[in-house]
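Colleague: What follows is model_17.txt, compact mmCIF, C-alpha atoms and all ligand atoms.
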```
# COMPACT_ATOMS: atom_id res chain seq x y z
CA MET A 1 -13.24 -28.81 10.84
CA PHE A 2 -16.16 -28.04 13.15
CA GLN A 3 -19.26 -25.89 13.12
CA TYR A 4 -20.26 -23.83 16.10
CA GLU A 5 -23.52 -22.46 17.35
CA ARG A 6 -24.52 -20.05 20.09
CA VAL A 7 -27.17 -21.93 22.08
CA ALA A 8 -27.85 -19.23 24.68
CA GLU A 9 -26.00 -16.27 26.20
CA GLY A 10 -22.50 -17.59 26.98
CA VAL A 11 -23.44 -21.14 25.95
CA TYR A 12 -21.95 -22.64 22.77
CA SER A 13 -21.85 -25.96 21.01
CA PHE A 14 -19.36 -27.31 18.48
CA GLN A 15 -19.96 -30.14 16.06
CA SER A 16 -17.26 -32.09 14.28
CA GLU A 17 -17.30 -32.21 10.49
CA ASN A 18 -14.80 -35.06 10.53
CA TYR A 19 -16.04 -37.69 12.94
CA ALA A 20 -19.63 -38.89 13.48
CA GLN A 21 -20.98 -35.39 14.17
CA VAL A 22 -19.54 -35.59 17.68
CA THR A 23 -20.06 -32.45 19.77
CA ALA A 24 -18.35 -30.42 22.46
CA GLY A 25 -19.83 -27.54 24.48
CA LEU A 26 -18.68 -24.40 26.21
CA VAL A 27 -20.24 -22.47 29.09
CA VAL A 28 -18.59 -19.11 29.68
CA GLY A 29 -18.73 -17.76 33.23
CA ALA A 30 -17.60 -14.50 34.81
CA LYS A 31 -14.00 -15.50 35.47
CA TRP A 32 -13.59 -18.88 33.84
CA SER A 33 -15.38 -21.27 31.53
CA VAL A 34 -16.25 -24.94 31.41
CA LEU A 35 -15.65 -27.11 28.36
CA ILE A 36 -17.91 -30.11 27.94
CA ASP A 37 -16.03 -32.93 26.21
CA THR A 38 -13.30 -32.66 23.60
CA LEU A 39 -13.59 -33.60 19.94
CA ALA A 40 -12.53 -36.93 18.46
CA LEU A 41 -9.38 -36.09 16.53
CA PRO A 42 -6.33 -34.26 17.93
CA GLU A 43 -6.28 -31.63 15.16
CA GLU A 44 -9.96 -30.83 15.77
CA THR A 45 -9.47 -30.44 19.51
CA LYS A 46 -6.41 -28.26 18.96
CA ALA A 47 -8.37 -26.09 16.53
CA LEU A 48 -11.19 -25.90 19.08
CA GLN A 49 -8.73 -24.86 21.80
CA ALA A 50 -7.32 -22.09 19.57
CA PHE A 51 -10.79 -20.94 18.55
CA ILE A 52 -12.00 -20.66 22.14
CA GLU A 53 -8.86 -18.84 23.22
CA GLU A 54 -9.34 -16.33 20.42
CA HIS A 55 -13.04 -15.72 21.02
CA THR A 56 -13.39 -15.70 24.81
CA GLU A 57 -11.78 -13.57 27.49
CA VAL A 58 -11.61 -16.14 30.29
CA PRO A 59 -9.61 -19.37 30.61
CA ILE A 60 -11.05 -22.87 30.58
CA ARG A 61 -10.80 -23.99 34.19
CA TYR A 62 -12.76 -27.23 33.99
CA ILE A 63 -13.49 -29.89 31.40
CA VAL A 64 -16.45 -32.17 32.04
CA ASN A 65 -16.08 -35.57 30.37
CA THR A 66 -19.60 -36.87 29.79
CA HIS A 67 -18.17 -40.42 29.59
CA TYR A 68 -14.89 -42.22 28.97
CA HIS A 69 -15.22 -42.96 25.24
CA ALA A 70 -12.33 -41.81 23.05
CA ASP A 71 -14.34 -39.39 20.93
CA HIS A 72 -15.24 -37.36 24.05
CA SER A 73 -12.23 -37.57 26.35
CA TRP A 74 -9.01 -38.12 24.42
CA GLY A 75 -8.51 -34.40 23.84
CA ASN A 76 -8.12 -33.62 27.59
CA CYS A 77 -4.34 -33.50 27.21
CA PHE A 78 -4.54 -30.40 24.99
CA PHE A 79 -5.77 -28.41 28.00
CA PRO A 80 -2.91 -28.86 30.48
CA ASN A 81 -4.28 -26.33 32.98
CA ALA A 82 -7.84 -27.64 33.19
CA VAL A 83 -9.24 -29.75 36.00
CA ILE A 84 -11.14 -32.74 34.57
CA ILE A 85 -14.53 -33.49 36.13
CA ALA A 86 -16.27 -36.82 35.57
CA HIS A 87 -18.12 -39.68 37.22
CA SER A 88 -15.81 -41.91 39.31
CA LEU A 89 -16.56 -44.78 36.93
CA CYS A 90 -15.32 -42.66 34.03
CA ARG A 91 -11.90 -42.37 35.62
CA GLN A 92 -11.80 -46.14 36.28
CA LEU A 93 -12.89 -47.00 32.75
CA MET A 94 -10.39 -44.59 31.19
CA ILE A 95 -7.64 -46.39 33.08
CA THR A 96 -8.82 -49.97 32.44
CA ARG A 97 -10.19 -49.62 28.89
CA GLY A 98 -9.17 -46.23 27.51
CA GLN A 99 -5.44 -46.62 28.14
CA PRO A 100 -5.10 -50.02 26.38
CA ALA A 101 -7.32 -48.74 23.54
CA LEU A 102 -5.04 -45.73 23.09
CA GLU A 103 -1.97 -47.97 23.01
CA ARG A 104 -3.60 -50.09 20.30
CA ALA A 105 -4.56 -46.95 18.36
CA LYS A 106 -0.97 -45.68 18.52
CA GLN A 107 0.35 -48.99 17.19
CA SER A 108 -2.06 -49.11 14.29
CA GLY A 109 -1.66 -45.58 12.97
CA HIS A 110 -0.34 -42.09 13.32
CA THR A 111 -3.49 -40.18 14.31
CA PHE A 112 -3.09 -40.34 18.10
CA VAL A 113 0.72 -40.25 18.51
CA GLU A 114 0.69 -37.05 20.51
CA VAL A 115 -2.26 -38.03 22.72
CA GLU A 116 -1.69 -38.92 26.37
CA LEU A 117 -4.76 -39.70 28.44
CA LYS A 118 -5.40 -37.15 31.13
CA PHE A 119 -7.58 -38.86 33.71
CA PRO A 120 -10.39 -37.04 35.53
CA ASN A 121 -9.10 -35.66 38.82
CA LEU A 122 -12.36 -34.35 40.29
CA THR A 123 -14.85 -37.20 40.38
CA PHE A 124 -18.07 -38.12 42.14
CA PRO A 125 -19.45 -41.65 42.67
CA GLU A 126 -23.15 -40.79 42.98
CA GLY A 127 -25.57 -37.88 43.27
CA GLU A 128 -24.93 -34.59 41.49
CA MET A 129 -22.44 -31.76 41.47
CA SER A 130 -23.10 -28.02 41.07
CA LEU A 131 -20.76 -25.30 39.89
CA LYS A 132 -21.49 -21.64 40.41
CA MET A 133 -19.70 -19.61 37.76
CA GLY A 134 -20.74 -15.99 38.32
CA ARG A 135 -24.38 -15.49 37.40
CA LYS A 136 -24.55 -18.87 35.75
CA CYS A 137 -24.95 -22.15 37.56
CA ILE A 138 -24.40 -25.57 36.05
CA ARG A 139 -25.50 -28.92 37.44
CA ILE A 140 -23.68 -32.11 36.56
CA ILE A 141 -26.06 -35.05 36.69
CA PRO A 142 -25.82 -38.79 36.06
CA LEU A 143 -27.31 -39.96 32.73
CA PRO A 144 -26.25 -43.62 32.40
CA GLY A 145 -27.46 -45.99 29.67
CA HIS A 146 -25.13 -45.39 26.73
CA SER A 147 -22.33 -46.27 29.15
CA PRO A 148 -22.38 -46.81 32.93
CA ASP A 149 -20.42 -43.61 33.65
CA GLY A 150 -22.61 -41.21 31.61
CA ILE A 151 -23.23 -37.71 32.96
CA GLY A 152 -24.76 -34.55 31.51
CA VAL A 153 -24.41 -30.83 32.16
CA LEU A 154 -27.49 -28.71 32.76
CA VAL A 155 -27.10 -24.95 32.43
CA GLU A 156 -29.77 -24.17 35.00
CA ASP A 157 -31.42 -20.86 34.15
CA GLU A 158 -30.99 -21.28 30.40
CA ARG A 159 -32.45 -24.83 30.56
CA VAL A 160 -29.84 -26.17 28.15
CA LEU A 161 -28.75 -29.78 28.63
CA PHE A 162 -25.48 -31.13 27.27
CA ALA A 163 -26.59 -34.74 27.32
CA GLY A 164 -23.46 -36.60 26.20
CA ASP A 165 -24.34 -39.78 24.35
CA ALA A 166 -27.50 -40.33 26.40
CA VAL A 167 -29.02 -38.42 23.49
CA MET A 168 -27.93 -39.20 19.94
CA PRO A 169 -29.84 -39.41 16.65
CA ILE A 170 -30.29 -43.12 17.49
CA PRO A 171 -29.90 -44.50 21.05
CA TYR A 172 -26.73 -46.59 21.22
CA ILE A 173 -26.49 -49.11 24.05
CA VAL A 174 -23.67 -51.49 23.05
CA ASP A 175 -21.53 -50.45 26.04
CA GLY A 176 -24.52 -49.67 28.24
CA ASN A 177 -27.85 -50.92 29.48
CA ILE A 178 -31.24 -50.60 27.84
CA GLU A 179 -33.24 -50.20 31.08
CA GLN A 180 -30.91 -47.45 32.33
CA MET A 181 -31.11 -45.76 28.94
CA ALA A 182 -34.92 -45.74 29.07
CA GLU A 183 -34.87 -44.34 32.63
CA THR A 184 -32.42 -41.63 31.57
CA LEU A 185 -34.55 -40.61 28.57
CA LYS A 186 -37.63 -40.40 30.80
CA ARG A 187 -35.70 -38.29 33.30
CA ILE A 188 -34.61 -35.92 30.54
CA SER A 189 -38.18 -35.61 29.27
CA ARG A 190 -39.25 -34.31 32.71
CA MET A 191 -36.58 -31.59 32.79
CA ARG A 192 -38.45 -28.76 31.01
CA LEU A 193 -35.62 -27.95 28.61
CA GLU A 194 -35.11 -25.27 25.99
CA ASN A 195 -32.42 -27.17 24.11
CA ILE A 196 -30.61 -30.47 24.20
CA VAL A 197 -27.09 -30.63 22.81
CA PRO A 198 -26.65 -34.34 22.01
CA GLY A 199 -23.28 -36.12 22.14
CA HIS A 200 -23.58 -36.59 18.38
CA GLY A 201 -25.79 -34.81 15.87
CA ASP A 202 -27.78 -31.61 15.78
CA ILE A 203 -29.22 -29.58 18.66
CA VAL A 204 -32.74 -30.61 19.65
CA LEU A 205 -34.98 -27.54 19.99
CA ARG A 206 -37.71 -27.08 22.58
CA GLY A 207 -40.55 -27.90 20.19
CA GLU A 208 -38.84 -31.12 19.07
CA ILE A 209 -37.77 -32.52 22.43
CA LYS A 210 -40.92 -34.41 23.39
CA THR A 211 -41.24 -36.16 20.03
CA LYS A 212 -37.54 -36.95 19.83
CA LEU A 213 -37.45 -38.58 23.28
CA ARG A 214 -40.71 -40.46 22.57
CA GLU A 215 -39.19 -41.83 19.35
CA ASP A 216 -36.04 -42.90 21.21
CA LEU A 217 -38.10 -44.76 23.83
CA ASP A 218 -40.17 -46.40 21.09
CA TYR A 219 -36.96 -47.43 19.35
CA LEU A 220 -35.68 -49.11 22.52
CA ALA A 221 -39.00 -50.93 23.00
CA CYS A 222 -38.87 -52.07 19.38
CA ILE A 223 -35.36 -53.55 19.51
CA GLN A 224 -36.20 -55.27 22.78
CA LYS A 225 -39.26 -56.86 21.18
CA GLU A 226 -37.29 -57.95 18.11
CA VAL A 227 -34.52 -59.49 20.19
CA LYS A 228 -37.10 -61.54 22.10
CA LYS A 229 -38.60 -62.70 18.80
CA ALA A 230 -35.14 -63.59 17.51
CA HIS A 231 -34.53 -65.73 20.58
CA ARG A 232 -37.40 -68.03 19.58
CA ARG A 233 -35.76 -68.72 16.19
CA LYS A 234 -33.29 -71.45 15.36
CA PHE A 235 -30.86 -68.85 14.00
CA PRO A 236 -31.49 -65.62 15.90
CA GLY A 237 -28.57 -63.91 14.13
CA ASP A 238 -30.24 -64.38 10.74
CA TYR A 239 -33.47 -62.94 12.09
CA LEU A 240 -31.72 -59.89 13.59
CA ASP A 241 -29.88 -59.23 10.30
CA GLU A 242 -33.29 -58.63 8.72
CA VAL A 243 -34.64 -56.19 11.33
CA ASP A 244 -34.56 -52.95 9.39
CA ILE A 245 -33.85 -49.68 11.20
CA ALA A 246 -36.92 -48.09 9.58
CA GLN A 247 -39.28 -50.62 11.14
CA CYS A 248 -38.04 -49.38 14.54
CA GLY A 249 -38.94 -45.82 13.57
CA LYS A 250 -35.49 -44.46 12.72
CA SER A 251 -34.19 -43.24 9.38
CA ARG A 252 -31.24 -44.85 7.60
CA VAL A 253 -29.67 -41.47 6.83
CA LEU A 254 -29.12 -40.40 10.45
CA LEU A 255 -25.52 -39.62 11.42
CA GLY A 256 -24.48 -39.58 7.78
CA GLY A 257 -25.69 -43.16 7.32
CA LEU A 258 -23.78 -44.52 10.33
CA ALA A 259 -27.11 -45.18 12.09
CA VAL A 260 -27.64 -48.43 10.14
CA GLU A 261 -24.45 -49.90 11.58
CA LEU A 262 -25.23 -48.65 15.10
CA HIS A 263 -28.67 -50.25 14.86
CA ARG A 264 -27.17 -53.59 13.77
CA ARG A 265 -24.72 -53.50 16.70
CA ASN A 266 -27.50 -52.56 19.14
CA LEU A 267 -29.50 -55.64 18.21
CA ARG A 268 -26.59 -58.04 18.55
CA ALA A 269 -25.34 -56.46 21.80
CA LEU A 270 -28.81 -56.48 23.33
CA TYR A 271 -29.19 -60.14 22.44
CA ARG A 272 -25.90 -60.89 24.20
CA GLN A 273 -26.95 -58.80 27.22
CA MET A 274 -30.32 -60.57 27.48
CA TYR A 275 -29.29 -64.16 26.74
CA GLY A 276 -25.60 -64.29 27.60
CA GLU A 277 -24.44 -65.47 24.18
CA ALA A 278 -23.99 -64.13 20.67
CA PRO A 279 -27.02 -64.62 18.36
CA ALA A 280 -26.17 -67.65 16.19
CA ARG A 281 -26.34 -67.37 12.42
CA SER A 282 -26.99 -70.23 10.02
CA PRO A 283 -23.82 -71.83 8.66
CA LYS A 284 -22.52 -70.01 5.60
CA GLU A 285 -22.89 -71.74 2.24
CA GLU A 286 -19.18 -72.37 1.80
CA GLU A 287 -19.12 -74.20 5.11
CA VAL A 288 -21.83 -76.63 4.02
CA PRO A 289 -19.94 -79.86 3.29
CA TRP A 290 -21.61 -80.80 -0.02
ZN ZN A 301 -19.68 -40.66 21.35
```
Translate this file's structure into structure tokens.

Modeller:
Amino acid sequence: MFQYERVAEGVYSFQSENYAQVTAGLVVGAKWSVLIDTLALPEETKALQAFIEEHTEVPIRYIVNTHYHADHSWGNCFFPNAVIIAHSLCRQLMITRGQPALERAKQSGHTFVEVELKFPNLTFPEGEMSLKMGRKCIRIIPLPGHSPDGIGVLVEDERVLFAGDAVMPIPYIVDGNIEQMAETLKRISRMRLENIVPGHGDIVLRGEIKTKLREDLDYLACIQKEVKKAHRRKFPGDYLDEVDIAQCGKSRVLLGGLAVELHRRNLRALYRQMYGEAPARSPKEEEVPW
């Protein structure tokens, strides 16, 4: 259901085998531990909960939601005793967008019947938050760009960053902002890290971090350039359909092939963000009246 890895002493990551390689993390302290995000599907999160209970001595006191998206926060309810920490915007967005999305999901299938959203109850609107957990200290820092409420968790001495979806195999900005994303990636590159646990995909090791973040920044610059080019065309949508992921420096096979679709959505969303309208496509053949 998920794979797990020991990242450092008392620091673990879990990666879903069922949904988009989404990750969760665990930092084990002297008396209690902190879970970073939940997994996407209820049965995965329940299995994760059982696994952690079996393998650690201390209870999970806090869950940090890196952002409000379903694949990271809808498992909160399986930890009834945990306090949920998040950015203030995360709480707001879970109420205004998450709740209606869950109701729609419940109507259209059986997967989420037992899920009830548990909203963050310890939130901060700006700045950072620190938690001292015995010898370990974690810092919770804003990392917006993938979404406005994005935060990450830095395990200070170990220099491990749980980055949420600020770091993924391909930057994904449909619900976010490209300038913020670039700022966030630059901030992360100055952090002198040993490991990055991304919100989706495999752990980025120290020797890979610089190149990975450089590639992500280049990718963002590339899609921005292509969207500007598209805007000068009669049918920008047609132009964007032809912008291959590989020409922006990313491989088609990332995230089990899902990257191609994320790339396509990035281009269209960025066009909308920059020009306030969807990129028009040429009329389809069947609509041509002759
Ligand atoms: Zn995600």

Colleague: Output the neighbourhood of ligand ZN 301 (chain A) as JSON, numbers by chain, that is, all protein and nucleic acid residues with some atom at most 7 Å from the ligand, counting all atoms listed in the file.

Modeller: {"A": [22, 69, 71, 72, 165, 199, 200]}

Colleague: Interatomic distance between CA of Gln3 in chain A and CA of Glu17 in chain A?

Modeller: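 CA of Gln3 in chain A sits 7.1 Å away from CA of Glu17 in chain A.
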
Colleague: Could you check which residues have any atom within 12 Å of (-20.6, -20.9, 36.9), counting all atoms listed in the file with coordinates taken straight from the file, and then list them as a PyMOL selection string?

Modeller: chain A and resi 10-11+26-35+60-62+129-140+153-157

Colleague: Quick check, in Å to one decimal: how far apart do CA of Asp216 in chain A and CA of Tyr275 in chain A lie?

Modeller: 23.0 Å

Colleague: How many Å lie between CA of Tyr19 in chain A and CA of Ile245 in chain A, rounded to one decimal?

Modeller: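 Those two atoms sit 21.5 Å apart.
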
Colleague: Which neighbours of range 120-127 of chain A fall inside 7 Å, counting all atoms listed in the file, when residues of the same chain fewer than 4 positions from it are skipped, and could you give them as a count of residues only?

Modeller: 7

Colleague: When you count only C-alpha atoms, which of these residues is closest to Phe78 in chain A: A:Arg97, A:Arg281, A:Lys118, A:Arg264?

Modeller: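 Comparing A:Arg97, A:Arg281, A:Lys118, A:Arg264 against Phe78 in chain A, the winner is A:Lys118.
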
Colleague: List every protein, DNA or RNA residue that has an atom no more than 9 Å from (-13.9, -22.7, 20.0) in the file's coordinate frame, counting only C-alpha atoms, and report them as an MDAnalysis selection string.

Modeller: chainID A and resid 2 4 12:14 25:26 45 47:56

Colleague: For each of A:Val115, A:Val167, A:Ala70, A:Ala269, take the minimum atom-to-atom distance to Ile223 in chain A, counting only C-alpha atoms, then give the residue where this is smallest.

Modeller: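 Answer, going by the shortest atom-to-atom distance: A:Ala269.
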
Colleague: From the set A:Val58, A:Ile188, A:Glu116, A:Gln273, which residue has the shortest atom-to-atom contact distance to Pro80 in chain A, counting only C-alpha atoms?

Modeller: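 Closest to Pro80 in chain A, using only C-alpha atoms: A:Glu116.
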
Colleague: Could you pull the residues within 8 Å of range 226-235 of chain A, counting all atoms listed in the file, minus those fewer than 3 positions along the same chain, as a PyMOL selection string?

Modeller: chain A and resi 222-223+238-240+243+267+270-271+279-282

Colleague: Using only C-alpha atoms for the distances, tell me which of A:Val113, A:Ala246, A:Ala24, A:Ile178 is nearest to Pro144 in chain A.

Modeller: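 For Pro144 in chain A, the nearest of the candidates is A:Ile178.
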
Colleague: Looking at all atoms listed in the file, which of A:Ile173, A:Arg192, A:Gln180, A:Glu277 is the one that sits closest to His263 in chain A?

Modeller: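 Checking each candidate against His263 in chain A, we get A:Ile173 as the closest.
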